Amino acid sequence: MGLTRFGAKSLQIALDKWGDDVMDRVKEIIVETASILRNEAIVRAPVDTGDLKKSIEMTVAPGGMSAIVHVGVHYAIYIEYGTGIYAVNGNGRKTPWTYYSQKLQQYVRTNGMAAQPFWYPAVEKAKDHYYSELRKLGR
């Protein structure tokens, strides 16, 4: 979770045949799509310390034919899918547990945390943009 790429080598091969104008637009679409994904994930990410939002980064590969959006914090998957009895698909721990909260400076007993999806809704929005824009090129 937390790493999504847009672009492909097969797309690069096809673009070599179509010319520079189309290639330039595809590169723009890839960057736009990655930007949409990054921005949507940041907007949708819940805030406690702000570290999750700050960890969402985008990199465009040399040549511009792919981009990577990455979530850097290790706990992002727990936010996306939930934990304990609230975990998506019932895959979480079934018994309560206790942990020490640095934020509260005390021990906390919990049954888990409900999912707060931020990544996959952002991926879906970015994917819609990507395919919509590529279809326009085919007209």
# chains A, B, ... in the order shown; residues from 1 in each chain; ligands from 1
call {"tool": "residues_around", "arguments": {"residues": "Glu40 (chain A)", "least_positions_apart": "4", "cutoff": "7 Å", "atoms": "only C-alpha atoms", "output": "list in words"}}
result
Ile36, Arg44 and Ala122 of chain A
call {"tool": "write_last_selection", "arguments": {"atoms": "N, CA and C atoms", "output": "PDB file, in the first residue's frame"}}
result
ATOM      1  N   ILE A  36      -3.004  14.705  -8.982  1.00  0.00           N
ATOM      2  CA  ILE A  36      -4.365  14.494  -8.461  1.00  0.00           C
ATOM      3  C   ILE A  36      -4.332  13.460  -7.348  1.00  0.00           C
ATOM      4  N   ARG A  44      -7.745  13.862   1.857  1.00  0.00           N
ATOM      5  CA  ARG A  44      -8.562  12.821   2.490  1.00  0.00           C
ATOM      6  C   ARG A  44      -7.913  12.221   3.747  1.00  0.00           C
ATOM      7  N   ALA A 122      -8.561   8.130  -3.401  1.00  0.00           N
ATOM      8  CA  ALA A 122      -7.723   9.044  -4.188  1.00  0.00           C
ATOM      9  C   ALA A 122      -7.226   8.362  -5.457  1.00  0.00           C
TER      10      ALA A 122
END
call {"tool": "select_by_dssp", "arguments": {"residues": "region 37-138 of chain A", "states": "alpha helix (DSSP H)", "output": "mmCIF file with C-alpha atoms, in the first residue's frame"}}
result
data_model
loop_
_atom_site.group_PDB
_atom_site.id
_atom_site.type_symbol
_atom_site.label_atom_id
_atom_site.label_comp_id
_atom_site.auth_asym_id
_atom_site.auth_seq_id
_atom_site.Cartn_x
_atom_site.Cartn_y
_atom_site.Cartn_z
ATOM 1 C CA LEU A 37 -3.540 11.316 -6.555
ATOM 2 C CA ARG A 38 -1.125 13.097 -4.217
ATOM 3 C CA ASN A 39 -3.441 16.037 -3.581
ATOM 4 C CA GLU A 40 -6.549 13.875 -3.080
ATOM 5 C CA ALA A 41 -4.707 11.583 -0.667
ATOM 6 C CA ILE A 42 -3.472 14.580 1.317
ATOM 7 C CA VAL A 43 -6.939 16.134 1.482
ATOM 8 C CA ARG A 44 -8.562 12.821 2.490
ATOM 9 C CA ASP A 51 2.797 13.183 9.766
ATOM 10 C CA LEU A 52 0.624 11.106 7.425
ATOM 11 C CA LYS A 53 -0.187 14.088 5.194
ATOM 12 C CA LYS A 54 3.440 15.252 5.223
ATOM 13 C CA ALA A 76 -0.857 4.278 6.774
ATOM 14 C CA ILE A 77 -2.179 0.773 6.123
ATOM 15 C CA TYR A 78 -3.851 0.712 9.557
ATOM 16 C CA ILE A 79 -5.581 3.997 8.830
ATOM 17 C CA GLU A 80 -6.703 2.817 5.396
ATOM 18 C CA TYR A 81 -8.052 -0.563 6.543
ATOM 19 C CA TRP A 119 -5.569 6.195 -0.394
ATOM 20 C CA TYR A 120 -7.861 4.070 -2.559
ATOM 21 C CA PRO A 121 -10.537 6.758 -2.993
ATOM 22 C CA ALA A 122 -7.723 9.044 -4.188
ATOM 23 C CA VAL A 123 -6.414 6.330 -6.532
ATOM 24 C CA GLU A 124 -9.890 5.913 -8.044
ATOM 25 C CA LYS A 125 -10.222 9.643 -8.700
ATOM 26 C CA ALA A 126 -6.756 9.797 -10.278
ATOM 27 C CA LYS A 127 -7.441 6.689 -12.375
ATOM 28 C CA ASP A 128 -10.654 8.229 -13.720
ATOM 29 C CA HIS A 129 -8.702 11.299 -14.824
ATOM 30 C CA TYR A 130 -5.935 9.210 -16.406
ATOM 31 C CA TYR A 131 -8.235 7.079 -18.553
ATOM 32 C CA SER A 132 -10.522 9.988 -19.434
ATOM 33 C CA GLU A 133 -7.593 12.035 -20.723
ATOM 34 C CA LEU A 134 -6.045 9.116 -22.621
ATOM 35 C CA ARG A 135 -9.406 8.442 -24.339
ATOM 36 C CA LYS A 136 -9.425 12.056 -25.539
ATOM 37 C CA LEU A 137 -6.109 11.425 -27.306
#
call {"tool": "closest_residue", "arguments": {"among": "A:Lys27, A:Lys103, A:Asn89, A:Ala67", "to": "Thr49 (chain A)", "atoms": "only C-alpha atoms"}}
result
A:Lys103
call {"tool": "atom_distance", "arguments": {"atom1": "CA of Ala87 (chain A)", "atom2": "CA of Tyr75 (chain A)"}}
result
13.6 Å
call {"tool": "closest_residue", "arguments": {"among": "A:Ala45, A:His70, A:Tyr107, A:Asp24", "to": "Glu57 (chain A)", "atoms": "only C-alpha atoms"}}
result
A:His70
call {"tool": "select_by_dssp", "arguments": {"residues": "region 102-133 of chain A", "states": "strand (DSSP E)", "output": "JSON, numbers by chain"}}
result
{"A": [106, 107, 108, 109, 110]}
call {"tool": "write_last_selection", "arguments": {"atoms": "N, CA, C and O atoms", "output": "PDB file, in the first residue's frame"}}
result
ATOM      1  N   GLN A 106      -0.544   8.150  28.878  1.00  0.00           N
ATOM      2  CA  GLN A 106      -1.188   7.143  29.717  1.00  0.00           C
ATOM      3  C   GLN A 106      -1.443   5.889  28.901  1.00  0.00           C
ATOM      4  O   GLN A 106      -1.372   5.905  27.676  1.00  0.00           O
ATOM      5  N   TYR A 107      -1.758   4.803  29.611  1.00  0.00           N
ATOM      6  CA  TYR A 107      -2.131   3.565  28.946  1.00  0.00           C
ATOM      7  C   TYR A 107      -3.572   3.668  28.449  1.00  0.00           C
ATOM      8  O   TYR A 107      -4.422   4.263  29.101  1.00  0.00           O
ATOM      9  N   VAL A 108      -3.810   3.077  27.293  1.00  0.00           N
ATOM     10  CA  VAL A 108      -5.132   3.111  26.671  1.00  0.00           C
ATOM     11  C   VAL A 108      -5.517   1.678  26.301  1.00  0.00           C
ATOM     12  O   VAL A 108      -4.706   0.931  25.759  1.00  0.00           O
ATOM     13  N   ARG A 109      -6.733   1.310  26.609  1.00  0.00           N
ATOM     14  CA  ARG A 109      -7.268  -0.002  26.207  1.00  0.00           C
ATOM     15  C   ARG A 109      -8.180   0.235  25.005  1.00  0.00           C
ATOM     16  O   ARG A 109      -8.992   1.156  25.002  1.00  0.00           O
ATOM     17  N   THR A 110      -8.044  -0.610  23.980  1.00  0.00           N
ATOM     18  CA  THR A 110      -8.814  -0.398  22.757  1.00  0.00           C
ATOM     19  C   THR A 110      -9.249  -1.716  22.138  1.00  0.00           C
ATOM     20  O   THR A 110      -8.636  -2.756  22.373  1.00  0.00           O
TER      21      THR A 110
END
call {"tool": "residues_around", "arguments": {"residues": "Thr59 (chain A)", "least_positions_apart": "3", "cutoff": "10 Å", "atoms": "only C-alpha atoms", "output": "VMD selection string"}}
result
chain A and resid 5 31 34 to 35 62 64 66 to 70
call {"tool": "atom_distance", "arguments": {"atom1": "CA of Thr95 (chain A)", "atom2": "CA of Gly112 (chain A)"}}
result
9.1 Å
call {"tool": "atom_distance", "arguments": {"atom1": "CA of Pro46 (chain A)", "atom2": "CA of Gly72 (chain A)"}}
result
14.8 Å
call {"tool": "closest_residue", "arguments": {"among": "A:Pro96, A:Pro117, A:Val73, A:Val26", "to": "Gly50 (chain A)", "atoms": "only C-alpha atoms"}}
result
A:Val73
call {"tool": "closest_residue", "arguments": {"among": "A:Gly92, A:Val60, A:Met65, A:Asn111", "to": "Met23 (chain A)", "atoms": "only C-alpha atoms"}}
result
A:Met65
call {"tool": "decode", "arguments": {"residues": "region 124-139 of chain A", "atoms": "all heavy atoms", "output": "PDB file, in the first residue's frame"}}
result
ATOM      1  N   GLU A 124      -8.760   6.003  -7.122  1.00  0.00           N
ATOM      2  CA  GLU A 124      -9.890   5.913  -8.044  1.00  0.00           C
ATOM      3  C   GLU A 124     -10.118   7.237  -8.779  1.00  0.00           C
ATOM      4  O   GLU A 124     -10.370   7.251  -9.977  1.00  0.00           O
ATOM      5  CB  GLU A 124     -11.155   5.474  -7.314  1.00  0.00           C
ATOM      6  CG  GLU A 124     -11.137   4.014  -6.925  1.00  0.00           C
ATOM      7  CD  GLU A 124     -10.940   3.079  -8.114  1.00  0.00           C
ATOM      8  OE1 GLU A 124     -11.641   3.240  -9.129  1.00  0.00           O
ATOM      9  OE2 GLU A 124     -10.070   2.188  -8.024  1.00  0.00           O
ATOM     10  N   LYS A 125     -10.036   8.340  -8.063  1.00  0.00           N
ATOM     11  CA  LYS A 125     -10.222   9.643  -8.700  1.00  0.00           C
ATOM     12  C   LYS A 125      -9.116   9.905  -9.720  1.00  0.00           C
ATOM     13  O   LYS A 125      -9.376  10.378 -10.833  1.00  0.00           O
ATOM     14  CB  LYS A 125     -10.261  10.747  -7.646  1.00  0.00           C
ATOM     15  CG  LYS A 125     -10.590  12.088  -8.244  1.00  0.00           C
ATOM     16  CD  LYS A 125     -11.163  13.028  -7.238  1.00  0.00           C
ATOM     17  CE  LYS A 125     -11.630  14.283  -7.947  1.00  0.00           C
ATOM     18  NZ  LYS A 125     -12.361  15.152  -7.080  1.00  0.00           N
ATOM     19  N   ALA A 126      -7.879   9.599  -9.362  1.00  0.00           N
ATOM     20  CA  ALA A 126      -6.756   9.797 -10.278  1.00  0.00           C
ATOM     21  C   ALA A 126      -6.883   8.887 -11.500  1.00  0.00           C
ATOM     22  O   ALA A 126      -6.641   9.313 -12.630  1.00  0.00           O
ATOM     23  CB  ALA A 126      -5.437   9.535  -9.548  1.00  0.00           C
ATOM     24  N   LYS A 127      -7.284   7.643 -11.277  1.00  0.00           N
ATOM     25  CA  LYS A 127      -7.441   6.689 -12.375  1.00  0.00           C
ATOM     26  C   LYS A 127      -8.506   7.164 -13.355  1.00  0.00           C
ATOM     27  O   LYS A 127      -8.328   7.063 -14.578  1.00  0.00           O
ATOM     28  CB  LYS A 127      -7.793   5.316 -11.806  1.00  0.00           C
ATOM     29  CG  LYS A 127      -7.801   4.216 -12.821  1.00  0.00           C
ATOM     30  CD  LYS A 127      -7.874   2.843 -12.188  1.00  0.00           C
ATOM     31  CE  LYS A 127      -9.156   2.642 -11.450  1.00  0.00           C
ATOM     32  NZ  LYS A 127      -9.362   1.243 -11.008  1.00  0.00           N
ATOM     33  N   ASP A 128      -9.600   7.694 -12.849  1.00  0.00           N
ATOM     34  CA  ASP A 128     -10.654   8.229 -13.720  1.00  0.00           C
ATOM     35  C   ASP A 128     -10.101   9.329 -14.624  1.00  0.00           C
ATOM     36  O   ASP A 128     -10.388   9.372 -15.823  1.00  0.00           O
ATOM     37  CB  ASP A 128     -11.818   8.771 -12.899  1.00  0.00           C
ATOM     38  CG  ASP A 128     -12.629   7.680 -12.224  1.00  0.00           C
ATOM     39  OD1 ASP A 128     -12.467   6.492 -12.575  1.00  0.00           O
ATOM     40  OD2 ASP A 128     -13.424   8.026 -11.324  1.00  0.00           O
ATOM     41  N   HIS A 129      -9.305  10.219 -14.040  1.00  0.00           N
ATOM     42  CA  HIS A 129      -8.702  11.299 -14.824  1.00  0.00           C
ATOM     43  C   HIS A 129      -7.771  10.730 -15.894  1.00  0.00           C
ATOM     44  O   HIS A 129      -7.833  11.131 -17.060  1.00  0.00           O
ATOM     45  CB  HIS A 129      -7.924  12.255 -13.907  1.00  0.00           C
ATOM     46  CG  HIS A 129      -7.130  13.272 -14.667  1.00  0.00           C
ATOM     47  ND1 HIS A 129      -7.712  14.398 -15.199  1.00  0.00           N
ATOM     48  CD2 HIS A 129      -5.818  13.319 -15.011  1.00  0.00           C
ATOM     49  CE1 HIS A 129      -6.784  15.101 -15.833  1.00  0.00           C
ATOM     50  NE2 HIS A 129      -5.634  14.472 -15.736  1.00  0.00           N
ATOM     51  N   TYR A 130      -6.920   9.801 -15.502  1.00  0.00           N
ATOM     52  CA  TYR A 130      -5.935   9.210 -16.406  1.00  0.00           C
ATOM     53  C   TYR A 130      -6.602   8.611 -17.645  1.00  0.00           C
ATOM     54  O   TYR A 130      -6.261   8.942 -18.780  1.00  0.00           O
ATOM     55  CB  TYR A 130      -5.147   8.150 -15.638  1.00  0.00           C
ATOM     56  CG  TYR A 130      -4.077   7.445 -16.409  1.00  0.00           C
ATOM     57  CD1 TYR A 130      -2.878   8.079 -16.711  1.00  0.00           C
ATOM     58  CD2 TYR A 130      -4.233   6.119 -16.823  1.00  0.00           C
ATOM     59  CE1 TYR A 130      -1.868   7.416 -17.395  1.00  0.00           C
ATOM     60  CE2 TYR A 130      -3.230   5.457 -17.507  1.00  0.00           C
ATOM     61  CZ  TYR A 130      -2.051   6.112 -17.788  1.00  0.00           C
ATOM     62  OH  TYR A 130      -1.065   5.461 -18.472  1.00  0.00           O
ATOM     63  N   TYR A 131      -7.587   7.745 -17.419  1.00  0.00           N
ATOM     64  CA  TYR A 131      -8.235   7.079 -18.553  1.00  0.00           C
ATOM     65  C   TYR A 131      -9.090   8.039 -19.370  1.00  0.00           C
ATOM     66  O   TYR A 131      -9.164   7.925 -20.595  1.00  0.00           O
ATOM     67  CB  TYR A 131      -9.039   5.872 -18.083  1.00  0.00           C
ATOM     68  CG  TYR A 131      -8.130   4.760 -17.645  1.00  0.00           C
ATOM     69  CD1 TYR A 131      -8.114   4.313 -16.337  1.00  0.00           C
ATOM     70  CD2 TYR A 131      -7.240   4.160 -18.541  1.00  0.00           C
ATOM     71  CE1 TYR A 131      -7.255   3.306 -15.927  1.00  0.00           C
ATOM     72  CE2 TYR A 131      -6.381   3.159 -18.147  1.00  0.00           C
ATOM     73  CZ  TYR A 131      -6.394   2.740 -16.846  1.00  0.00           C
ATOM     74  OH  TYR A 131      -5.540   1.744 -16.443  1.00  0.00           O
ATOM     75  N   SER A 132      -9.725   8.994 -18.723  1.00  0.00           N
ATOM     76  CA  SER A 132     -10.522   9.988 -19.434  1.00  0.00           C
ATOM     77  C   SER A 132      -9.633  10.792 -20.385  1.00  0.00           C
ATOM     78  O   SER A 132      -9.996  11.024 -21.546  1.00  0.00           O
ATOM     79  CB  SER A 132     -11.211  10.911 -18.420  1.00  0.00           C
ATOM     80  OG  SER A 132     -11.835  11.984 -19.081  1.00  0.00           O
ATOM     81  N   GLU A 133      -8.497  11.230 -19.890  1.00  0.00           N
ATOM     82  CA  GLU A 133      -7.593  12.035 -20.723  1.00  0.00           C
ATOM     83  C   GLU A 133      -6.955  11.200 -21.840  1.00  0.00           C
ATOM     84  O   GLU A 133      -6.797  11.712 -22.954  1.00  0.00           O
ATOM     85  CB  GLU A 133      -6.508  12.694 -19.860  1.00  0.00           C
ATOM     86  CG  GLU A 133      -7.047  13.757 -18.928  1.00  0.00           C
ATOM     87  CD  GLU A 133      -7.768  14.894 -19.644  1.00  0.00           C
ATOM     88  OE1 GLU A 133      -7.196  15.442 -20.624  1.00  0.00           O
ATOM     89  OE2 GLU A 133      -8.892  15.234 -19.249  1.00  0.00           O
ATOM     90  N   LEU A 134      -6.625   9.962 -21.570  1.00  0.00           N
ATOM     91  CA  LEU A 134      -6.045   9.116 -22.621  1.00  0.00           C
ATOM     92  C   LEU A 134      -7.091   8.833 -23.718  1.00  0.00           C
ATOM     93  O   LEU A 134      -6.730   8.784 -24.908  1.00  0.00           O
ATOM     94  CB  LEU A 134      -5.517   7.808 -22.045  1.00  0.00           C
ATOM     95  CG  LEU A 134      -4.211   7.899 -21.275  1.00  0.00           C
ATOM     96  CD1 LEU A 134      -3.783   6.516 -20.804  1.00  0.00           C
ATOM     97  CD2 LEU A 134      -3.103   8.536 -22.093  1.00  0.00           C
ATOM     98  N   ARG A 135      -8.346   8.656 -23.328  1.00  0.00           N
ATOM     99  CA  ARG A 135      -9.406   8.442 -24.339  1.00  0.00           C
ATOM    100  C   ARG A 135      -9.527   9.656 -25.260  1.00  0.00           C
ATOM    101  O   ARG A 135      -9.752   9.502 -26.444  1.00  0.00           O
ATOM    102  CB  ARG A 135     -10.755   8.163 -23.658  1.00  0.00           C
ATOM    103  CG  ARG A 135     -10.926   6.714 -23.243  1.00  0.00           C
ATOM    104  CD  ARG A 135     -12.351   6.399 -22.835  1.00  0.00           C
ATOM    105  NE  ARG A 135     -12.777   7.126 -21.636  1.00  0.00           N
ATOM    106  CZ  ARG A 135     -12.539   6.742 -20.398  1.00  0.00           C
ATOM    107  NH1 ARG A 135     -11.911   5.623 -20.157  1.00  0.00           N
ATOM    108  NH2 ARG A 135     -12.960   7.460 -19.375  1.00  0.00           N
ATOM    109  N   LYS A 136      -9.348  10.843 -24.720  1.00  0.00           N
ATOM    110  CA  LYS A 136      -9.425  12.056 -25.539  1.00  0.00           C
ATOM    111  C   LYS A 136      -8.345  12.064 -26.622  1.00  0.00           C
ATOM    112  O   LYS A 136      -8.551  12.598 -27.712  1.00  0.00           O
ATOM    113  CB  LYS A 136      -9.283  13.299 -24.666  1.00  0.00           C
ATOM    114  CG  LYS A 136     -10.483  13.554 -23.794  1.00  0.00           C
ATOM    115  CD  LYS A 136     -10.224  14.776 -22.916  1.00  0.00           C
ATOM    116  CE  LYS A 136     -11.321  14.941 -21.882  1.00  0.00           C
ATOM    117  NZ  LYS A 136     -11.031  16.064 -20.958  1.00  0.00           N
ATOM    118  N   LEU A 137      -7.199  11.483 -26.316  1.00  0.00           N
ATOM    119  CA  LEU A 137      -6.109  11.425 -27.306  1.00  0.00           C
ATOM    120  C   LEU A 137      -6.474  10.527 -28.484  1.00  0.00           C
ATOM    121  O   LEU A 137      -5.997  10.741 -29.586  1.00  0.00           O
ATOM    122  CB  LEU A 137      -4.830  10.894 -26.668  1.00  0.00           C
ATOM    123  CG  LEU A 137      -4.079  11.847 -25.768  1.00  0.00           C
ATOM    124  CD1 LEU A 137      -2.889  11.141 -25.149  1.00  0.00           C
ATOM    125  CD2 LEU A 137      -3.636  13.080 -26.520  1.00  0.00           C
ATOM    126  N   GLY A 138      -7.310   9.527 -28.238  1.00  0.00           N
ATOM    127  CA  GLY A 138      -7.677   8.587 -29.287  1.00  0.00           C
ATOM    128  C   GLY A 138      -8.726   9.105 -30.245  1.00  0.00           C
ATOM    129  O   GLY A 138      -9.034   8.473 -31.236  1.00  0.00           O
ATOM    130  N   ARG A 139      -9.295  10.275 -29.955  1.00  0.00           N
ATOM    131  CA  ARG A 139     -10.353  10.802 -30.821  1.00  0.00           C
ATOM    132  C   ARG A 139      -9.810  11.478 -32.026  1.00  0.00           C
ATOM    133  O   ARG A 139      -8.805  12.018 -32.141  1.00  0.00           O
ATOM    134  CB  ARG A 139     -11.225  11.790 -30.038  1.00  0.00           C
ATOM    135  CG  ARG A 139     -12.015  11.066 -28.990  1.00  0.00           C
ATOM    136  CD  ARG A 139     -12.906  12.007 -28.265  1.00  0.00           C
ATOM    137  NE  ARG A 139     -13.611  11.234 -27.233  1.00  0.00           N
ATOM    138  CZ  ARG A 139     -14.080  11.766 -26.126  1.00  0.00           C
ATOM    139  NH1 ARG A 139     -13.927  13.029 -25.900  1.00  0.00           N
ATOM    140  NH2 ARG A 139     -14.700  11.026 -25.260  1.00  0.00           N
TER     141      ARG A 139
END
